[in-house]
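A.B. asks: So here's run26.cif (mmCIF, C-alpha atoms and all ligand atoms).
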data_query
loop_
_atom_site.label_atom_id
_atom_site.label_comp_id
_atom_site.auth_asym_id
_atom_site.auth_seq_id
_atom_site.Cartn_x
_atom_site.Cartn_y
_atom_site.Cartn_z
CA MET A 34 106.75 68.77 121.02
CA ARG A 35 108.08 72.14 119.81
CA ILE A 36 106.49 73.15 116.50
CA ASP A 37 109.79 73.87 114.75
CA LYS A 38 111.10 70.46 115.78
CA TYR A 39 107.92 68.81 114.53
CA ILE A 40 108.18 70.57 111.16
CA SER A 41 111.85 69.73 110.72
CA GLU A 42 111.31 66.09 111.73
CA LEU A 43 108.66 65.71 109.07
CA GLY A 44 111.33 66.87 106.63
CA VAL A 45 109.23 69.85 105.53
CA ALA A 46 111.69 72.64 106.40
CA SER A 47 114.66 73.28 108.66
CA ARG A 48 114.10 75.13 111.92
CA LYS A 49 115.68 78.24 110.43
CA GLU A 50 113.48 78.16 107.32
CA SER A 51 110.29 77.57 109.29
CA ALA A 52 111.11 80.47 111.65
CA LYS A 53 111.29 82.76 108.62
CA ILE A 54 108.04 81.45 107.17
CA ALA A 55 106.27 81.72 110.56
CA LYS A 56 107.27 85.38 110.77
CA SER A 57 105.34 86.06 107.58
CA GLY A 58 102.28 84.14 108.81
CA GLY A 59 102.93 80.88 106.93
CA VAL A 60 102.53 78.55 109.93
CA LEU A 61 99.07 77.94 111.40
CA VAL A 62 98.05 75.84 114.38
CA ASP A 63 94.35 74.95 114.26
CA GLY A 64 93.90 77.74 111.76
CA VAL A 65 95.62 80.43 113.84
CA PRO A 66 98.99 81.88 112.70
CA VAL A 67 101.85 81.31 115.14
CA ARG A 68 104.95 83.42 114.94
CA ASP A 69 106.89 81.86 117.80
CA LEU A 70 107.78 78.30 116.88
CA SER A 71 109.21 77.46 120.29
CA ILE A 72 105.70 76.80 121.58
CA HIS A 73 104.68 73.18 122.09
CA ILE A 74 101.90 71.33 120.31
CA ASP A 75 100.36 67.89 120.45
CA PRO A 76 100.76 66.63 116.86
CA GLU A 77 98.18 63.90 117.40
CA ARG A 78 95.46 66.39 118.29
CA GLN A 79 96.41 69.71 116.71
CA ARG A 80 96.40 70.60 113.04
CA VAL A 81 99.53 72.28 111.72
CA THR A 82 99.40 74.01 108.34
CA PHE A 83 102.65 75.03 106.67
CA GLN A 84 102.47 77.41 103.70
CA GLY A 85 98.89 76.32 103.03
CA ARG A 86 99.63 72.59 103.31
CA GLU A 87 98.27 70.57 106.21
CA LEU A 88 100.97 68.39 107.72
CA THR A 89 100.10 64.78 108.40
CA TYR A 90 101.20 63.38 111.69
CA SER A 91 102.65 59.88 111.62
CA LYS A 92 103.54 57.78 114.64
CA PHE A 93 106.26 56.25 112.51
CA THR A 94 109.24 57.62 110.65
CA TYR A 95 110.29 56.62 107.14
CA VAL A 96 113.64 57.52 105.65
CA MET A 97 115.46 56.95 102.37
CA LEU A 98 119.22 56.48 102.62
CA ASN A 99 121.77 56.30 99.83
CA LYS A 100 123.86 53.57 101.41
CA PRO A 101 127.61 53.81 100.86
CA ALA A 102 129.90 50.78 100.61
CA GLY A 103 131.47 49.57 103.84
CA TYR A 104 128.33 49.77 106.00
CA VAL A 105 126.42 46.78 107.33
CA SER A 106 122.61 46.75 106.96
CA ALA A 107 121.93 46.45 110.67
CA THR A 108 121.42 48.55 113.78
CA GLU A 109 124.54 47.21 115.50
CA ASP A 110 127.63 45.22 114.72
CA SER A 111 130.57 44.29 116.92
CA LYS A 112 133.22 45.27 114.33
CA LEU A 113 131.88 47.20 111.35
CA PRO A 114 130.00 50.49 110.90
CA VAL A 115 126.23 50.11 110.51
CA VAL A 116 123.81 52.08 108.32
CA THR A 117 121.95 53.66 111.27
CA GLU A 118 125.18 55.50 112.20
CA LEU A 119 124.59 57.64 109.12
CA LEU A 120 121.32 59.03 110.54
CA SER A 121 120.97 62.04 112.84
CA ASP A 122 121.07 61.65 116.65
CA GLU A 123 117.38 62.49 116.69
CA LEU A 124 116.53 59.66 114.32
CA ARG A 125 118.77 57.22 116.13
CA LYS A 126 116.68 57.84 119.25
CA ARG A 127 113.64 56.76 117.25
CA GLU A 128 115.18 53.34 116.66
CA LEU A 129 114.86 53.04 112.91
CA PHE A 130 115.99 49.83 111.28
CA PRO A 131 116.66 48.92 107.63
CA VAL A 132 113.87 47.32 105.59
CA GLY A 133 115.79 44.34 104.23
CA ARG A 134 119.48 43.98 103.68
CA LEU A 135 122.05 45.10 101.20
CA ASP A 136 125.52 43.55 101.26
CA LYS A 137 128.31 45.56 102.84
CA ASP A 138 129.72 46.45 99.41
CA THR A 139 126.32 47.20 97.80
CA VAL A 140 125.35 50.87 97.54
CA GLY A 141 122.11 52.71 96.91
CA LEU A 142 118.54 52.89 98.06
CA MET A 143 117.75 51.67 101.51
CA ILE A 144 114.51 52.41 103.35
CA LEU A 145 114.68 52.69 107.13
CA THR A 146 111.69 52.87 109.45
CA ASN A 147 110.43 52.03 112.91
CA ASP A 148 107.15 50.72 111.47
CA GLY A 149 107.69 47.01 112.04
CA VAL A 150 104.36 45.92 110.55
CA LEU A 151 104.90 47.75 107.27
CA ALA A 152 108.53 46.55 107.06
CA HIS A 153 107.34 42.98 107.55
CA THR A 154 104.74 43.38 104.78
CA LEU A 155 107.30 44.81 102.35
CA LEU A 156 109.68 41.93 103.00
CA SER A 157 107.09 39.18 102.86
CA PRO A 158 107.50 37.07 99.68
CA LYS A 159 103.77 37.08 99.06
CA HIS A 160 103.75 40.82 98.33
CA HIS A 161 106.26 40.57 95.43
CA VAL A 162 107.77 43.99 96.08
CA ALA A 163 110.01 44.81 93.10
CA LYS A 164 113.56 46.03 93.59
CA ASP A 165 115.77 47.28 90.76
CA TYR A 166 119.55 46.98 90.88
CA TYR A 167 122.13 48.45 88.54
CA PHE A 168 125.06 46.07 88.25
CA LYS A 169 128.39 45.67 86.51
CA ALA A 170 129.86 42.25 85.89
CA ASP A 171 133.38 41.06 85.26
CA GLU A 172 132.53 39.68 81.81
CA PRO A 173 129.65 39.91 79.31
CA LEU A 174 126.60 37.77 80.03
CA PRO A 175 125.89 35.20 77.28
CA ASN A 176 123.07 35.34 74.77
CA GLY A 177 120.03 33.79 76.36
CA ALA A 178 120.74 35.21 79.82
CA GLU A 179 117.54 37.26 79.60
CA GLU A 180 115.42 34.12 79.13
CA LYS A 181 117.23 32.36 81.97
CA PHE A 182 116.44 35.23 84.35
CA ARG A 183 112.83 35.18 83.18
CA ASP A 184 112.45 31.40 83.56
CA GLY A 185 114.09 31.32 87.01
CA ILE A 186 117.80 30.76 87.59
CA THR A 187 118.87 27.79 89.71
CA LEU A 188 121.57 28.81 92.19
CA ALA A 189 124.55 26.64 93.12
CA ASP A 190 122.76 25.42 96.27
CA GLY A 191 119.76 24.26 94.20
CA TYR A 192 117.46 27.19 95.08
CA GLU A 193 115.21 28.05 92.15
CA CYS A 194 114.84 31.80 91.87
CA LYS A 195 111.50 33.34 91.04
CA GLU A 196 111.03 34.99 87.67
CA ALA A 197 113.34 38.00 87.42
CA LYS A 198 114.15 40.53 84.72
CA ILE A 199 117.49 41.61 83.32
CA VAL A 200 117.94 44.45 80.84
CA LEU A 201 121.51 44.48 79.60
CA GLU A 202 123.45 47.41 78.22
CA GLU A 203 125.05 46.97 74.83
CA ASN A 204 128.29 45.57 76.25
CA ARG A 205 126.22 42.91 78.11
CA MET A 206 128.50 43.48 81.14
CA SER A 207 126.15 45.86 82.92
CA GLY A 208 122.46 46.60 83.19
CA ILE A 209 119.44 46.49 85.45
CA ILE A 210 118.14 43.44 87.27
CA THR A 211 114.66 43.45 88.84
CA LEU A 212 113.90 41.02 91.64
CA THR A 213 110.73 40.43 93.63
CA GLU A 214 112.47 38.42 96.33
CA GLY A 215 115.61 38.90 98.40
CA LYS A 216 117.73 35.85 99.06
CA TYR A 217 121.21 36.17 100.54
CA HIS A 218 123.66 37.54 97.91
CA GLN A 219 120.97 36.82 95.35
CA ILE A 220 122.22 38.88 92.41
CA LYS A 221 125.82 37.88 92.98
CA ARG A 222 124.79 34.24 93.02
CA MET A 223 122.56 34.63 89.94
CA VAL A 224 125.44 36.17 88.00
CA ALA A 225 127.80 33.52 89.39
CA SER A 226 125.57 30.88 87.81
CA PHE A 227 127.00 32.11 84.47
CA ASP A 228 130.59 31.65 85.81
CA ASN A 229 130.78 35.42 86.07
CA ALA A 230 131.07 37.88 88.97
CA VAL A 231 129.37 41.11 90.04
CA VAL A 232 131.92 43.89 90.49
CA TYR A 233 129.49 46.73 91.33
CA LEU A 234 125.94 46.69 92.67
CA LYS A 235 123.60 49.58 93.41
CA ARG A 236 119.91 49.43 94.32
CA ILE A 237 118.16 52.08 92.27
CA SER A 238 114.54 51.51 93.24
CA PHE A 239 112.40 49.86 95.89
CA ALA A 240 108.67 49.21 95.46
CA THR A 241 108.68 51.58 92.41
CA ILE A 242 110.22 54.38 94.53
CA PRO A 243 113.41 55.53 92.79
CA LEU A 244 116.58 56.48 94.63
CA ASP A 245 116.64 60.27 94.97
CA THR A 246 119.63 61.15 92.81
CA SER A 247 120.17 64.37 94.78
CA LEU A 248 121.29 62.26 97.76
CA ALA A 249 125.04 61.68 97.78
CA GLU A 250 126.22 58.37 99.20
CA GLY A 251 125.77 58.49 102.98
CA GLN A 252 122.97 61.09 102.82
CA TRP A 253 119.35 60.50 103.77
CA ARG A 254 116.01 62.29 103.65
CA TYR A 255 112.49 61.67 104.95
CA LEU A 256 110.14 59.87 102.58
CA THR A 257 107.42 62.11 101.16
CA ASP A 258 103.74 61.45 101.95
CA GLU A 259 103.33 60.12 98.40
CA GLU A 260 106.22 57.66 98.86
CA ILE A 261 104.81 56.47 102.19
CA ASP A 262 101.43 55.93 100.50
CA ILE A 263 103.13 53.77 97.86
CA LEU A 264 104.67 51.60 100.59
CA ARG A 265 101.36 51.37 102.45
CA SER A 266 99.54 50.33 99.27
CA PHE A 267 101.32 46.96 99.54
CA ALA A 268 99.61 46.31 102.86
CA LYS A 269 96.10 46.67 101.39
N1 LIG B 1 121.84 40.89 95.68
C1 LIG B 1 123.10 40.80 96.14
O1 LIG B 1 123.85 39.92 95.74
N2 LIG B 1 123.50 41.70 97.05
C2 LIG B 1 122.73 42.70 97.50
O2 LIG B 1 123.17 43.51 98.33
C3 LIG B 1 121.42 42.79 97.01
C4 LIG B 1 121.00 41.87 96.09
#
Can I see the file as structure tokens?
C.D. replies:
Amino acid sequence: MRIDKYISELGVASRKESAKIAKSGGVLVDGVPVRDLSIHIDPERQRVTFQGRELTYSKFTYVMLNKPAGYVSATEDSKLPVVTELLSDELRKRELFPVGRLDKDTVGLMILTNDGVLAHTLLSPKHHVAKDYYFKADEPLPNGAEEKFRDGITLADGYECKEAKIVLEENRMSGIITLTEGKYHQIKRMVASFDNAVVYLKRISFATIPLDTSLAEGQWRYLTDEEIDILRSFAK
């Protein structure tokens, strides 16, 4: 693979930026400065250092997307646009898929990867991965709603939700809900159990990783090494 492509795919710098840095000796391959980034390397065997930092090769790709409304959390759909359409052509070739689902009208943090094993771990109920959602409801939630979320809400179909947390804003019509499971329309159905309705829903964190607020809706970026380590810590 070309070095500049490798660097840009890791999300470290664009091809243009890395060309500039290489010219001043900031890119090393196995300790030797390279000024022409069109040369090819084997990322599994060669060590690339960029501005003093050694880049870690990963077989897999991990991306954070700020999902806009109107997109389905899938890789294909016969009628509606899907979240993977928002990625670059290069990433689409790498066959990323969303880790879990958000409803079509839900916005916010979505992780996409082609690491099936890690995705499976993060979605497995036994790992209790926490997800935070900011919501707005049609009407205030009653006093005592906090305790009901904590004790486990029973949905209309009889499903008993696991312990969850709700922190309401002063108007009690909006706030943050934290879930460690992901049933179909779960927050909407939890709020519906109070004869109320969710009018806006945004995921603001996944597995303690917050949504990068510099991403506009529809934009994505690669996860950092630190964020990938957080995800991997659930598999230990
Ligand atoms: N709960 C919902 O109701 N919808 C989502 O998209 C996520 C959680």
A.B. asks: Determine, using only C-alpha atoms and all ligand atoms, which residues of chain A have any atom at most 6 Å from an atom of ligand LIG 1 (chain B), and tabulate each with its shortest atom pair and distance in Å to one decimal place, rows ordered by chain and then rising number, as a tab-separated table.
C.D. replies:
residue	atom	partner	partner_atom	distance
A:Leu135	CA	B:LIG1	O2	3.5
A:Asp136	CA	B:LIG1	O2	3.8
A:Thr139	CA	B:LIG1	O2	4.9
A:His218	CA	B:LIG1	O1	3.2
A:Gln219	CA	B:LIG1	N1	4.2
A:Ile220	CA	B:LIG1	O1	3.9
A:Lys221	CA	B:LIG1	O1	4.0
A.B. asks: Given all atoms listed in the file as the basis, pick out the residue of A:Phe227, A:Arg48, A:Leu151, A:Leu129 nearest to Gly177 (chain A).
C.D. replies: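 Using all atoms listed in the file, Gly177 (chain A) sits closest to A:Phe227.
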A.B. asks: CA of Ser91 (chain A) and CA of Thr154 (chain A) are how many Å apart?
C.D. replies: 18.0 Å
A.B. asks: Set the distance at 10 Å and use only C-alpha atoms: which residues neighbour Val45 (chain A) once local chain neighbours fewer than 5 positions away are removed? I'd like the list as a PyMOL selection string.
C.D. replies: chain A and resi 39-40+50-51+83+88+255+257
A.B. asks: Do you have, as CSV, the list of residues of region 114-179 of chain A lying at most 9 Å from region 228-231 of chain A, each with its nearest atom pair and that distance in Å to one decimal, counting only C-alpha atoms and ordered by chain then number?
C.D. replies:
residue,atom,partner,partner_atom,distance
A:Phe168,CA,A:Val231,CA,6.8
A:Lys169,CA,A:Val231,CA,5.8
A:Ala170,CA,A:Val231,CA,4.3
A:Asp171,CA,A:Ala230,CA,5.4
A:Glu172,CA,A:Asn229,CA,6.3
A:Pro173,CA,A:Asn229,CA,8.2
A:Leu174,CA,A:Asn229,CA,7.7
A.B. asks: Mind checking which residues fall within 7 Å of region 60-64 of chain A, counting all atoms listed in the file, ignoring those fewer than 5 positions away in the same chain, and posting them as a list in words?
C.D. replies: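 Neighbouring residues, sequence-local ones excluded: Ile54, Ala55, Gln79, Arg80, Val81, Thr82, Phe83 and Gln84 of chain A.
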A.B. asks: Find the residues around Lys164 (chain A) up to 7 Å (only C-alpha atoms counted), leave out those fewer than 4 positions away in its own chain, and share them as a count of residues only.
C.D. replies: 6
A.B. asks: So what do you get for CA of Glu203 (chain A) versus CA of Asn176 (chain A), distance-wise?
C.D. replies: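 We find that CA of Glu203 (chain A) and CA of Asn176 (chain A) lie 11.8 Å from each other.
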A.B. asks: For a quick check of understanding, using all atoms listed in the file, which of A:Leu124, A:Cys194, A:Ala163, A:Met34 has the smallest distance to Arg254 (chain A)?
C.D. replies: A:Leu124
A.B. asks: Would you kindly return, as number ranges by chain, each protein, DNA or RNA residue with an atom no farther than 7 Å from any atom of region 99-114 of chain A, considering all atoms listed in the file and excluding same-chain residues fewer than 4 positions away?
C.D. replies: A: 130-131, 134-143, 248-253
A.B. asks: Output C-alpha atoms for every residue in the selection just made, as a PDB file, in the frame of the given file.
C.D. replies:
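And here is the file that came out, selection-v7.pdb:
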ATOM      1  CA  PHE A 130     115.990  49.830 111.280  1.00  0.00           C
ATOM      2  CA  PRO A 131     116.660  48.920 107.630  1.00  0.00           C
ATOM      3  CA  ARG A 134     119.480  43.980 103.680  1.00  0.00           C
ATOM      4  CA  LEU A 135     122.050  45.100 101.200  1.00  0.00           C
ATOM      5  CA  ASP A 136     125.520  43.550 101.260  1.00  0.00           C
ATOM      6  CA  LYS A 137     128.310  45.560 102.840  1.00  0.00           C
ATOM      7  CA  ASP A 138     129.720  46.450  99.410  1.00  0.00           C
ATOM      8  CA  THR A 139     126.320  47.200  97.800  1.00  0.00           C
ATOM      9  CA  VAL A 140     125.350  50.870  97.540  1.00  0.00           C
ATOM     10  CA  GLY A 141     122.110  52.710  96.910  1.00  0.00           C
ATOM     11  CA  LEU A 142     118.540  52.890  98.060  1.00  0.00           C
ATOM     12  CA  MET A 143     117.750  51.670 101.510  1.00  0.00           C
ATOM     13  CA  LEU A 248     121.290  62.260  97.760  1.00  0.00           C
ATOM     14  CA  ALA A 249     125.040  61.680  97.780  1.00  0.00           C
ATOM     15  CA  GLU A 250     126.220  58.370  99.200  1.00  0.00           C
ATOM     16  CA  GLY A 251     125.770  58.490 102.980  1.00  0.00           C
ATOM     17  CA  GLN A 252     122.970  61.090 102.820  1.00  0.00           C
ATOM     18  CA  TRP A 253     119.350  60.500 103.770  1.00  0.00           C
TER      19      TRP A 253
END
A.B. asks: One number please: CA of Gly58 (chain A) to CA of Glu259 (chain A), in Å, one decimal.
C.D. replies: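 Between these atoms lies a distance of 26.2 Å.
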A.B. asks: Contacts of Ile263 (chain A) at 12 Å or less, counting only C-alpha atoms, minus same-chain residues fewer than 2 places along, as a PyMOL selection string?
C.D. replies: chain A and resi 151+155+162+239-243+256-261+265-269
A.B. asks: Ranking A:Glu118, A:Glu214, A:Asp148, A:Glu42 by minimum distance to His161 (chain A) and counting all atoms listed in the file, which one comes first?
C.D. replies: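 Closest to His161 (chain A) of all the choices is A:Glu214.
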A.B. asks: Select, from A:Met223, A:Met206, A:Ile144, A:Val65, the residue with the minimum atom-to-atom distance to Arg183 (chain A), counting only C-alpha atoms.
C.D. replies: A:Met223
A.B. asks: Closest to Phe182 (chain A) among A:Ser207, A:Ser226, A:Ser71, A:Ser121, using only C-alpha atoms?
C.D. replies: A:Ser226
